[in-house]
Amino acid sequence: MAAGDLEVRGLGMQFEGLSALSDVSLRVPAGEIHGLIGPNGAGKTTLFNCLTGFYRPTAGGVWLSSDRIDGFAPHEISAAGISRTFQNIRLFSNMTTIENVLVASHRRIGGVTGYHTLSRRERYVLIDKMRIPVRVPMALAAGLAEIAGAIVRPPAARRHERDAVERGQQLLKSAGLGGRENVVARNLPYGDQRRLEIARALATGPRLLLLDEPTAGMNPQESSAMVALIRRIRDEFDTTIVLIEHQMRVVMGVCEQITVLDYGRKISEGTPAQVQKDARVVEAYLGTRALKEGGHATP
Amino acid sequence: MLESVRPGVPRLPEWAHALIFLIVGLLGWYFLDDTWVRMLFLVTLYATLGMGLNVVVGLAGLLDLGFVAFFATGAYVVAIWGAPISPSVDGVVNYWVLLPMAVFAGAGIGMLLGLPVLPLRGDYLAIVTLGFGEIIRILALNMDDYTRGSSGIFALAKPDYGAETVDSVREFFIMILIAAMAVWFVTARLRDSKVGRAWEAIREDEDVAQGMGINTVRYKLMAFAIGASIGALGGAIYAPFVDFVAPAQFSLIVSINVLALVIIGGMGNTTGVIAGSAMLIGVPELLQFQETADVLAKFEWLRDGLNVFIDGFNAVSFADLGKLPPSEEWGDKLALYRFIVFGALLVMVMVLRPSGLFPSRRRELEFTAEEPAPAGSA
């Protein structure tokens, strides 16, 4: 597997009798834009929650760049290289745009411990090998060092912070939010809030970006701009992208491969053209008319 | 109401606020008598505690109603190891060793409390921390072999400098003033660092913060530890000041007072915390000072005028209010009924300035409905 490859094998998510996902398998090669579609309640967002550690899947496994990551906490998964946006925008709404981005680049802002210089793999090996009697004092020492660093603010810390702000500004610029660093997030227009969510997700330095309905509530012009942004992100940041989308025009336009979920099961996959012709998809969800006219497919 | 947020109105930088506070404190220390300096000590002590709680509640958004536990921890560390009378420890440890010990003990207790409440949020967190505050008090009450129970520990070792010891009100005031300035600096630096940013992200949306790579366990524990160590620092200075440490001093009302002054001052803002402390701790004291009574006594000329109003009110309302006493007695009455006056003042503050006396930038934003910035503007 190459870096950035996502592999999901037999994933299941059971909520006390309700089976939200069962036996979902998925392969997304690095650099692909992959669409995830299905009717409301099909389990698309649940799958995202499983991939990002918000839920702990009850069956199956998730591999990113051949590292198994299911069962990790969300912040560990973020460190492993998966980042996401949310269907209902969830920004840090009372913080400014640049602060939103800086929070997400937290892990990449150097500390005094040097831990951040290790590669992801080295970190897992390190954490894995440590037992509680070693880990607790180490965490305490690291915490003390971090607090001392924040209070004393040594030149290195200032430099790291300056670099992070610069990177954040670059990121905002490429998301189309240049020059709006100090606007409080909740005062941004709706479309810009979506862009900020994407910029924030990118700030974690992901190899895999999960976009949950990036064009929800947008008019056709805004949607087209978003599609262009998604393509640009893939090329500029060299990330794999999986997106949930209801607007068929967007899905068919931007996705190279599509997976269709229904009632928590995968019912079809393939290129947009293949999926469009798949009788199971048409029957289960899209509806003949909506598909043929290429309109909005939400029932 | 919130003029200060309007763009174009310059605001003093934070260090200027600190400087003003320091100068006012030193002027008070130089010119006022011991009764006043004692009040200033209490105001500054509570302001310091408020700065500590502000880290937990204002920045990290963790509603902690058991802050007194850390205050008590600091006081008891200094008392148990610093008083000859203490039953469990022989000899006396130097105060300047005890002070950092108390701070670290506070941090430890803070994390100990933090661990079990990590998954709790909002109201549930408030209830559990409330219980924790009581647990510490009841422990102190029952661990006679260490704390002497309700009899308390007294005759504590005083902090020394050179050949002198800190034992007067005025010296203790200088001590707490230095502590307050140090705590202000530390909390301001933390707030403006990536640690502070992580705290605020947790306050805004804990799940998303974690999703964006913030180790929420680590930063929540850090907030508890920092807040608790500041609380313990306050306790460690308070203990030799009153020279008596007993469970009765660490009741729920201390937690309530500290939280109330943070809210009244304007959550998330150190200047606000100091203003809140002056209001909440200073004003009730002020109302019973002789000087206040002396000032009121000068208003004898108002008495006849006010009595006319009372007569008029009695006439139209069939009420039977008595005449006002001579103005020399007004001070005594005010001291007697000071909590009624005080309560009315608090209500007034919350009605007139719902986001606090000196709201932080963010609080101001939460309370003002700003128009979305036009596209393309900075």
# chains A, B, ... in the order shown; residues from 1 in each chain; ligands from 1

$ closest_atom_pairs --of "range 121-226 of chain B" --to "range 137-155 of chain A" --cutoff "12 Å" --atoms "only C-alpha atoms" --output "CSV"
residue,atom,partner,partner_atom,distance
B:Ala182,CA,A:Ile151,CA,10.8
B:Val183,CA,A:Ile151,CA,10.7
B:Trp184,CA,A:Ile151,CA,11.1
B:Phe185,CA,A:Ile151,CA,8.1
B:Val186,CA,A:Ile151,CA,5.9
B:Thr187,CA,A:Ile151,CA,8.3
B:Ala188,CA,A:Ile151,CA,8.5
B:Arg189,CA,A:Ile151,CA,5.2
B:Leu190,CA,A:Ala150,CA,5.6
B:Arg191,CA,A:Ala150,CA,8.8
B:Asp192,CA,A:Ala150,CA,8.3
B:Ser193,CA,A:Ala150,CA,5.7
B:Lys194,CA,A:Ala150,CA,7.6
B:Val195,CA,A:Ala150,CA,7.3
B:Gly196,CA,A:Ala150,CA,9.0
B:Arg197,CA,A:Ala150,CA,11.3
B:Asn215,CA,A:Gly143,CA,11.6
B:Val217,CA,A:Ala139,CA,11.1
B:Arg218,CA,A:Gly143,CA,7.8
B:Tyr219,CA,A:Gly143,CA,8.7
B:Lys220,CA,A:Gly143,CA,11.3
B:Leu221,CA,A:Gly143,CA,9.5
B:Met222,CA,A:Gly143,CA,7.2
B:Ala223,CA,A:Ile147,CA,10.4
B:Ala225,CA,A:Gly143,CA,10.2
B:Ile226,CA,A:Ile147,CA,9.1

$ write_last_selection --atoms "C-alpha atoms" --output "short mmCIF file (atom, residue, chain, number, x, y, z; two decimals), in the first residue's frame"
data_model
loop_
_atom_site.label_atom_id
_atom_site.label_comp_id
_atom_site.auth_asym_id
_atom_site.auth_seq_id
_atom_site.Cartn_x
_atom_site.Cartn_y
_atom_site.Cartn_z
CA ALA B 182 2.97 36.64 38.90
CA VAL B 183 -0.27 34.72 38.41
CA TRP B 184 -1.54 37.37 36.01
CA PHE B 185 1.63 37.07 33.95
CA VAL B 186 1.54 33.27 33.93
CA THR B 187 -2.14 33.01 33.00
CA ALA B 188 -1.82 35.67 30.31
CA ARG B 189 1.15 33.87 28.77
CA LEU B 190 -0.66 30.53 28.86
CA ARG B 191 -3.80 32.04 27.35
CA ASP B 192 -1.82 33.52 24.45
CA SER B 193 0.08 30.30 23.75
CA LYS B 194 -0.96 27.23 21.83
CA VAL B 195 -2.01 25.75 25.18
CA GLY B 196 -4.54 28.55 25.62
CA ARG B 197 -5.74 28.05 22.08
CA ASN B 215 -5.32 15.61 23.03
CA VAL B 217 -7.41 14.57 28.12
CA ARG B 218 -4.01 16.18 28.35
CA TYR B 219 -5.25 19.75 28.04
CA LYS B 220 -8.22 19.33 30.35
CA LEU B 221 -5.95 17.89 33.03
CA MET B 222 -3.52 20.72 32.39
CA ALA B 223 -6.31 23.27 32.93
CA ALA B 225 -3.75 21.42 37.36
CA ILE B 226 -3.00 25.07 36.58
#

$ select_by_dssp --residues "range 112-285 of chain A" --states "helix (DSSP H, G or I)" --output "PyMOL selection string"
chain A and resi 115-117+120-129+132-152+155-174+185-187+190-203+220-237+248-254+272-277+279-285

$ write_last_selection --atoms "C-alpha atoms" --output "compact mmCIF listing (two decimals), in the first residue's frame"
# COMPACT_ATOMS: atom_id res chain seq x y z
CA TYR A 115 8.37 14.41 20.15
CA HIS A 116 6.95 16.15 17.11
CA THR A 117 10.08 15.47 15.11
CA ARG A 120 4.18 8.88 12.86
CA ARG A 121 5.36 5.32 12.78
CA GLU A 122 8.09 5.95 15.31
CA ARG A 123 5.58 7.54 17.62
CA TYR A 124 3.26 4.57 17.56
CA VAL A 125 6.12 2.22 18.22
CA LEU A 126 7.23 4.43 21.08
CA ILE A 127 3.78 4.71 22.64
CA ASP A 128 3.08 1.05 22.13
CA LYS A 129 6.23 -0.08 23.88
CA ILE A 132 1.93 2.94 32.33
CA PRO A 133 4.72 3.50 34.93
CA VAL A 134 6.83 5.06 32.20
CA ARG A 135 4.08 6.81 30.29
CA VAL A 136 2.57 8.73 33.22
CA PRO A 137 5.79 10.41 34.41
CA MET A 138 6.71 11.09 30.80
CA ALA A 139 3.36 12.72 30.14
CA LEU A 140 3.72 14.77 33.33
CA ALA A 141 7.20 15.89 32.35
CA ALA A 142 6.04 16.76 28.85
CA GLY A 143 3.11 18.72 30.29
CA LEU A 144 5.37 20.66 32.64
CA ALA A 145 7.78 21.36 29.80
CA GLU A 146 4.92 22.59 27.63
CA ILE A 147 3.61 24.91 30.37
CA ALA A 148 7.11 26.22 31.08
CA GLY A 149 7.62 26.79 27.36
CA ALA A 150 4.36 28.73 27.11
CA ILE A 151 5.29 30.93 30.07
CA VAL A 152 8.94 31.55 29.21
CA PRO A 155 12.91 32.15 20.82
CA ALA A 156 12.30 28.73 19.28
CA ALA A 157 8.68 28.76 20.43
CA ARG A 158 8.17 32.24 18.99
CA ARG A 159 9.62 31.06 15.70
CA HIS A 160 7.40 27.96 15.64
CA GLU A 161 4.37 30.13 16.33
CA ARG A 162 5.33 32.61 13.60
CA ASP A 163 5.81 29.77 11.13
CA ALA A 164 2.45 28.30 12.08
CA VAL A 165 0.72 31.65 11.54
CA GLU A 166 2.42 31.99 8.17
CA ARG A 167 1.37 28.49 7.14
CA GLY A 168 -2.14 29.24 8.35
CA GLN A 169 -2.31 32.40 6.25
CA GLN A 170 -1.15 30.47 3.20
CA LEU A 171 -3.80 27.88 3.86
CA LEU A 172 -6.54 30.48 4.24
CA LYS A 173 -5.40 32.08 1.03
CA SER A 174 -5.60 28.83 -0.91
CA ALA A 185 -15.69 32.49 12.50
CA ARG A 186 -19.37 32.82 13.22
CA ASN A 187 -19.48 36.18 11.46
CA TYR A 190 -22.13 30.50 5.12
CA GLY A 191 -20.05 29.54 2.09
CA ASP A 192 -16.91 30.92 3.71
CA GLN A 193 -17.62 28.92 6.85
CA ARG A 194 -17.55 25.76 4.72
CA ARG A 195 -14.27 26.89 3.19
CA LEU A 196 -12.86 27.58 6.63
CA GLU A 197 -13.83 24.09 7.75
CA ILE A 198 -11.84 22.70 4.84
CA ALA A 199 -8.88 24.97 5.58
CA ARG A 200 -8.97 23.86 9.20
CA ALA A 201 -9.10 20.20 8.19
CA LEU A 202 -6.10 20.75 5.90
CA ALA A 203 -4.15 22.41 8.72
CA PRO A 220 -25.03 26.09 -8.34
CA GLN A 221 -22.35 28.80 -8.68
CA GLU A 222 -21.05 28.20 -5.16
CA SER A 223 -21.12 24.44 -5.77
CA SER A 224 -19.01 24.79 -8.89
CA ALA A 225 -16.51 26.91 -6.98
CA MET A 226 -16.41 24.23 -4.29
CA VAL A 227 -15.81 21.50 -6.87
CA ALA A 228 -12.91 23.52 -8.25
CA LEU A 229 -11.56 23.97 -4.73
CA ILE A 230 -11.77 20.23 -4.01
CA ARG A 231 -9.82 19.42 -7.20
CA ARG A 232 -7.25 22.07 -6.40
CA ILE A 233 -6.79 20.72 -2.86
CA ARG A 234 -6.12 17.23 -4.18
CA ASP A 235 -3.44 18.53 -6.53
CA GLU A 236 -1.93 21.16 -4.27
CA PHE A 237 -1.87 19.22 -0.99
CA MET A 248 -25.50 14.38 -8.22
CA ARG A 249 -24.04 17.06 -10.45
CA VAL A 250 -21.17 17.45 -7.99
CA VAL A 251 -20.71 13.73 -7.42
CA MET A 252 -20.65 12.87 -11.10
CA GLY A 253 -18.46 15.86 -11.87
CA VAL A 254 -15.69 15.46 -9.36
CA PRO A 272 -19.73 7.36 -11.91
CA ALA A 273 -20.80 5.88 -15.26
CA GLN A 274 -20.89 2.34 -13.86
CA VAL A 275 -22.78 3.35 -10.73
CA GLN A 276 -25.29 5.33 -12.75
CA LYS A 277 -26.16 2.22 -14.73
CA ALA A 279 -29.78 -1.43 -11.39
CA ARG A 280 -29.40 -1.95 -7.63
CA VAL A 281 -28.51 1.69 -7.13
CA VAL A 282 -31.35 2.89 -9.28
CA GLU A 283 -33.76 0.60 -7.51
CA ALA A 284 -32.58 1.20 -3.97
CA TYR A 285 -32.08 4.88 -3.99

$ closest_residue --among "A:Gly17, A:Pro29, A:Gly205, A:Pro39" --to "chain B" --atoms "only C-alpha atoms"
A:Gly205

$ closest_atom_pairs --of "range 218-288 of chain B" --to "range 309-332 of chain B" --cutoff "12 Å" --atoms "only C-alpha atoms" --output "tab-separated table"
residue	atom	partner	partner_atom	distance
B:Leu286	CA	B:Gly331	CA	10.7
B:Leu287	CA	B:Gly331	CA	7.9
B:Gln288	CA	B:Gly331	CA	7.2

$ write_last_selection --atoms "C-alpha atoms" --output "PDB file, in the first residue's frame"
ATOM      1  CA  LEU B 286     -16.468  48.827  52.548  1.00  0.00           C
ATOM      2  CA  LEU B 287     -20.095  49.157  53.613  1.00  0.00           C
ATOM      3  CA  GLN B 288     -19.208  48.509  57.247  1.00  0.00           C
TER       4      GLN B 288
END

$ interface_residues --of "chain A" --to "chain B" --cutoff "9 Å" --atoms "only C-alpha atoms" --output "MDAnalysis selection string"
chainID A and resid 52:54 73:79 83:84 90:95 99:100 102:107 109 139 143:144 146:147 150:153 161 177:184 186:189 200:201 203:204

$ write_last_selection --atoms "N, CA and C atoms" --output "compact mmCIF listing (two decimals), in the first residue's frame"
# COMPACT_ATOMS: atom_id res chain seq x y z
N THR A 52 -12.77 8.33 11.67
CA THR A 52 -12.05 9.37 12.40
C THR A 52 -11.97 9.12 13.90
N GLY A 53 -12.49 7.97 14.34
CA GLY A 53 -12.36 7.64 15.75
C GLY A 53 -13.44 8.24 16.63
N PHE A 54 -14.40 8.94 16.04
CA PHE A 54 -15.50 9.47 16.85
C PHE A 54 -16.34 8.30 17.36
N ALA A 73 -7.89 6.93 19.32
CA ALA A 73 -8.70 8.11 19.69
C ALA A 73 -8.66 9.11 18.54
N PRO A 74 -9.67 9.98 18.46
CA PRO A 74 -9.72 10.94 17.34
C PRO A 74 -8.43 11.73 17.13
N HIS A 75 -7.79 12.17 18.23
CA HIS A 75 -6.59 12.99 18.02
C HIS A 75 -5.43 12.14 17.50
N GLU A 76 -5.43 10.86 17.83
CA GLU A 76 -4.38 9.98 17.30
C GLU A 76 -4.61 9.73 15.81
N ILE A 77 -5.88 9.59 15.45
CA ILE A 77 -6.20 9.38 14.04
C ILE A 77 -5.86 10.63 13.24
N SER A 78 -6.13 11.79 13.84
CA SER A 78 -5.74 13.04 13.20
C SER A 78 -4.23 13.06 12.98
N ALA A 79 -3.49 12.60 13.98
CA ALA A 79 -2.03 12.55 13.85
C ALA A 79 -1.61 11.55 12.78
N SER A 83 -8.29 13.69 8.31
CA SER A 83 -8.95 14.88 8.83
C SER A 83 -10.31 14.99 8.16
N ARG A 84 -11.20 15.77 8.75
CA ARG A 84 -12.56 15.78 8.23
C ARG A 84 -13.23 17.14 8.37
N ARG A 90 -19.20 22.82 12.07
CA ARG A 90 -18.81 22.88 13.48
C ARG A 90 -17.47 23.57 13.61
N LEU A 91 -17.50 24.87 13.45
CA LEU A 91 -16.28 25.66 13.63
C LEU A 91 -16.15 26.02 15.11
N PHE A 92 -14.96 26.50 15.52
CA PHE A 92 -14.82 27.09 16.84
C PHE A 92 -15.33 28.52 16.68
N SER A 93 -16.64 28.69 16.88
CA SER A 93 -17.32 29.84 16.30
C SER A 93 -16.94 31.17 16.93
N ASN A 94 -16.45 31.16 18.17
CA ASN A 94 -16.06 32.43 18.77
C ASN A 94 -14.58 32.73 18.61
N MET A 95 -13.90 31.92 17.82
CA MET A 95 -12.48 32.18 17.56
C MET A 95 -12.35 32.70 16.13
N GLU A 99 -7.27 31.57 14.10
CA GLU A 99 -7.19 30.74 15.31
C GLU A 99 -7.76 29.35 15.05
N ASN A 100 -8.85 29.30 14.28
CA ASN A 100 -9.42 28.01 13.92
C ASN A 100 -8.38 27.13 13.25
N LEU A 102 -5.10 27.56 13.38
CA LEU A 102 -3.97 27.30 14.27
C LEU A 102 -4.26 26.17 15.26
N VAL A 103 -5.51 26.08 15.72
CA VAL A 103 -5.86 24.98 16.62
C VAL A 103 -5.59 23.65 15.91
N ALA A 104 -5.99 23.60 14.65
CA ALA A 104 -5.82 22.35 13.91
C ALA A 104 -4.35 22.06 13.62
N SER A 105 -3.52 23.10 13.56
CA SER A 105 -2.10 22.82 13.31
C SER A 105 -1.34 22.65 14.62
N HIS A 106 -2.09 22.60 15.73
CA HIS A 106 -1.52 22.45 17.07
C HIS A 106 -0.37 21.45 17.13
N ARG A 107 -0.67 20.25 16.63
CA ARG A 107 0.29 19.16 16.73
C ARG A 107 1.56 19.45 15.94
N ILE A 109 2.86 22.47 15.55
CA ILE A 109 3.64 23.56 16.12
C ILE A 109 4.61 22.95 17.11
N ALA A 139 4.41 11.77 30.50
CA ALA A 139 3.36 12.72 30.14
C ALA A 139 3.40 13.93 31.07
N GLY A 143 4.07 17.67 29.96
CA GLY A 143 3.11 18.72 30.29
C GLY A 143 3.79 19.90 30.96
N LEU A 144 4.63 19.60 31.95
CA LEU A 144 5.37 20.66 32.64
C LEU A 144 6.23 21.44 31.67
N GLU A 146 5.76 21.79 28.53
CA GLU A 146 4.92 22.59 27.63
C GLU A 146 4.46 23.88 28.32
N ILE A 147 4.06 23.73 29.60
CA ILE A 147 3.61 24.91 30.37
C ILE A 147 4.78 25.89 30.52
N ALA A 150 5.37 27.70 27.40
CA ALA A 150 4.36 28.73 27.11
C ALA A 150 4.59 29.98 27.95
N ILE A 151 5.08 29.78 29.19
CA ILE A 151 5.29 30.93 30.07
C ILE A 151 6.57 31.68 29.69
N VAL A 152 7.64 30.92 29.50
CA VAL A 152 8.94 31.55 29.21
C VAL A 152 8.99 32.06 27.77
N ARG A 153 8.33 31.35 26.89
CA ARG A 153 8.28 31.69 25.47
C ARG A 153 9.68 31.87 24.88
N GLU A 161 5.68 29.49 16.39
CA GLU A 161 4.37 30.13 16.33
C GLU A 161 4.27 30.99 15.07
N LEU A 177 -9.80 32.48 1.53
CA LEU A 177 -10.15 33.31 2.68
C LEU A 177 -9.01 34.27 3.02
N GLY A 178 -8.18 34.56 2.02
CA GLY A 178 -7.03 35.43 2.25
C GLY A 178 -7.46 36.79 2.77
N GLY A 179 -6.70 37.34 3.71
CA GLY A 179 -6.98 38.67 4.24
C GLY A 179 -8.12 38.73 5.23
N ARG A 180 -8.66 37.55 5.61
CA ARG A 180 -9.78 37.58 6.57
C ARG A 180 -9.40 36.85 7.84
N GLU A 181 -8.12 36.91 8.17
CA GLU A 181 -7.61 36.15 9.30
C GLU A 181 -8.30 36.48 10.62
N ASN A 182 -8.64 37.76 10.79
CA ASN A 182 -9.12 38.17 12.11
C ASN A 182 -10.63 38.30 12.21
N VAL A 183 -11.34 37.72 11.24
CA VAL A 183 -12.80 37.72 11.33
C VAL A 183 -13.20 36.55 12.24
N VAL A 184 -14.11 36.83 13.17
CA VAL A 184 -14.59 35.77 14.05
C VAL A 184 -15.41 34.79 13.21
N ARG A 186 -17.91 32.86 13.40
CA ARG A 186 -19.37 32.82 13.22
C ARG A 186 -19.90 34.04 12.48
N ASN A 187 -19.04 35.03 12.25
CA ASN A 187 -19.48 36.18 11.46
C ASN A 187 -19.20 36.01 9.97
N LEU A 188 -18.62 34.87 9.59
CA LEU A 188 -18.35 34.61 8.18
C LEU A 188 -19.65 34.21 7.47
N PRO A 189 -19.79 34.58 6.20
CA PRO A 189 -20.93 34.08 5.44
C PRO A 189 -20.86 32.56 5.33
N ARG A 200 -9.33 24.37 7.88
CA ARG A 200 -8.97 23.86 9.20
C ARG A 200 -8.61 22.38 9.12
N ALA A 201 -9.39 21.63 8.34
CA ALA A 201 -9.10 20.20 8.19
C ALA A 201 -7.73 20.01 7.55
N ALA A 203 -5.22 21.96 7.82
CA ALA A 203 -4.15 22.41 8.72
C ALA A 203 -3.56 21.28 9.55
N THR A 204 -4.30 20.17 9.70
CA THR A 204 -3.74 19.06 10.45
C THR A 204 -2.72 18.29 9.61

$ residues_around --residues "Tyr238 in chain B" --least-positions-apart "4" --cutoff "12 Å" --atoms "only C-alpha atoms" --output "ChimeraX atom specification"
/B:38,41-46,48-49,71-79,99,102,156,158-159,167,169,172-173,175-176,179,231-234,242-245,249-250

$ atom_distance --atom1 "CA of Leu280 in chain B" --atom2 "CA of Phe358 in chain B"
14.2 Å

$ select_by_dssp --residues "range 150-287 of chain A" --states "strand (DSSP E or B)" --output "mmCIF file with C-alpha atoms, in the first residue's frame"
data_model
loop_
_atom_site.group_PDB
_atom_site.id
_atom_site.type_symbol
_atom_site.label_atom_id
_atom_site.label_comp_id
_atom_site.auth_asym_id
_atom_site.auth_seq_id
_atom_site.Cartn_x
_atom_site.Cartn_y
_atom_site.Cartn_z
ATOM 1 C CA VAL A 184 -14.588 35.765 14.047
ATOM 2 C CA LEU A 208 -6.811 11.604 3.654
ATOM 3 C CA LEU A 209 -9.478 14.296 3.762
ATOM 4 C CA LEU A 210 -13.085 13.381 4.535
ATOM 5 C CA LEU A 211 -15.616 15.973 3.369
ATOM 6 C CA ASP A 212 -19.155 15.597 4.709
ATOM 7 C CA THR A 240 -6.750 11.509 -0.973
ATOM 8 C CA ILE A 241 -10.328 12.771 -0.689
ATOM 9 C CA VAL A 242 -13.510 10.949 0.251
ATOM 10 C CA LEU A 243 -16.655 13.022 0.071
ATOM 11 C CA ILE A 244 -20.276 12.515 0.993
ATOM 12 C CA GLN A 247 -25.920 16.826 -5.351
ATOM 13 C CA GLN A 257 -14.822 6.348 -7.995
ATOM 14 C CA ILE A 258 -18.072 6.049 -6.095
ATOM 15 C CA THR A 259 -19.285 3.806 -3.296
ATOM 16 C CA VAL A 260 -23.017 3.525 -2.681
ATOM 17 C CA LEU A 261 -24.387 2.694 0.763
ATOM 18 C CA ASP A 262 -27.920 1.724 1.647
ATOM 19 C CA ARG A 265 -24.430 -1.952 3.451
ATOM 20 C CA LYS A 266 -22.407 -1.326 0.373
ATOM 21 C CA ILE A 267 -24.681 -1.942 -2.589
ATOM 22 C CA SER A 268 -22.501 -0.761 -5.429
ATOM 23 C CA GLU A 269 -19.168 0.716 -6.388
ATOM 24 C CA GLY A 270 -17.336 1.830 -9.482
#

$ atom_distance --atom1 "CA of Gly176 in chain A" --atom2 "CA of Asn88 in chain A"
20.4 Å

$ residues_around --residues "Leu26 in chain B" --least-positions-apart "3" --cutoff "10 Å" --atoms "only C-alpha atoms" --output "ChimeraX atom specification"
/B:20-23,29-32,37,173-174,177

$ write_last_selection --atoms "C-alpha atoms" --output "short mmCIF file (atom, residue, chain, number, x, y, z; two decimals), in the first residue's frame"
data_model
loop_
_atom_site.label_atom_id
_atom_site.label_comp_id
_atom_site.auth_asym_id
_atom_site.auth_seq_id
_atom_site.Cartn_x
_atom_site.Cartn_y
_atom_site.Cartn_z
CA ILE B 20 -2.92 50.48 37.11
CA PHE B 21 -3.89 47.70 39.49
CA LEU B 22 -0.37 47.59 40.92
CA ILE B 23 -0.23 51.37 41.40
CA TRP B 29 -0.77 50.23 50.91
CA TYR B 30 1.07 53.51 51.47
CA PHE B 31 -1.77 55.83 52.44
CA LEU B 32 -4.50 53.72 54.06
CA VAL B 37 -5.14 47.18 53.72
CA PHE B 173 -0.54 42.53 51.28
CA ILE B 174 2.74 43.06 49.45
CA LEU B 177 0.25 41.60 45.40
#

$ atom_distance --atom1 "CA of Ile264 in chain B" --atom2 "CA of Leu130 in chain B"
19.9 Å

$ decode --residues "range 137-179 of chain B" --atoms "C-alpha atoms" --output "CSV table (one decimal), in the first residue's frame"
chain,number,residue,atom,x,y,z
B,137,ARG,CA,-13.6,19.9,53.8
B,138,ILE,CA,-15.2,16.8,55.4
B,139,LEU,CA,-11.8,15.0,55.1
B,140,ALA,CA,-10.1,17.9,56.9
B,141,LEU,CA,-12.9,17.7,59.6
B,142,ASN,CA,-12.4,14.0,60.2
B,143,MET,CA,-8.7,13.4,59.8
B,144,ASP,CA,-8.0,14.6,63.4
B,145,ASP,CA,-4.6,13.0,63.4
B,146,TYR,CA,-3.4,15.2,60.7
B,147,THR,CA,-5.6,18.3,60.7
B,148,ARG,CA,-6.8,18.5,64.4
B,149,GLY,CA,-10.3,18.4,63.0
B,150,SER,CA,-12.5,21.4,63.8
B,151,SER,CA,-10.1,22.8,66.4
B,152,GLY,CA,-7.9,23.7,63.5
B,153,ILE,CA,-4.2,24.4,63.3
B,154,PHE,CA,-2.8,27.8,64.5
B,155,ALA,CA,0.6,29.4,65.2
B,156,LEU,CA,1.9,28.8,61.7
B,157,ALA,CA,5.5,29.4,60.7
B,158,LYS,CA,5.6,32.8,59.0
B,159,PRO,CA,7.4,33.6,55.8
B,160,ASP,CA,10.8,35.2,56.5
B,161,TYR,CA,13.0,37.5,54.6
B,162,GLY,CA,16.5,38.3,55.9
B,163,ALA,CA,16.2,38.5,59.6
B,164,GLU,CA,12.6,39.7,59.4
B,165,THR,CA,9.3,37.7,59.2
B,166,VAL,CA,6.2,38.6,57.3
B,167,ASP,CA,3.7,39.1,60.1
B,168,SER,CA,1.8,42.4,59.6
B,169,VAL,CA,-1.2,42.9,57.4
B,170,ARG,CA,0.8,45.3,55.2
B,171,GLU,CA,3.6,42.8,54.6
B,172,PHE,CA,1.1,40.1,53.7
B,173,PHE,CA,-0.5,42.5,51.3
B,174,ILE,CA,2.7,43.1,49.4
B,175,MET,CA,3.2,39.3,49.3
B,176,ILE,CA,-0.3,38.7,47.8
B,177,LEU,CA,0.3,41.6,45.4
B,178,ILE,CA,3.4,40.0,44.1
B,179,ALA,CA,1.7,36.6,43.8
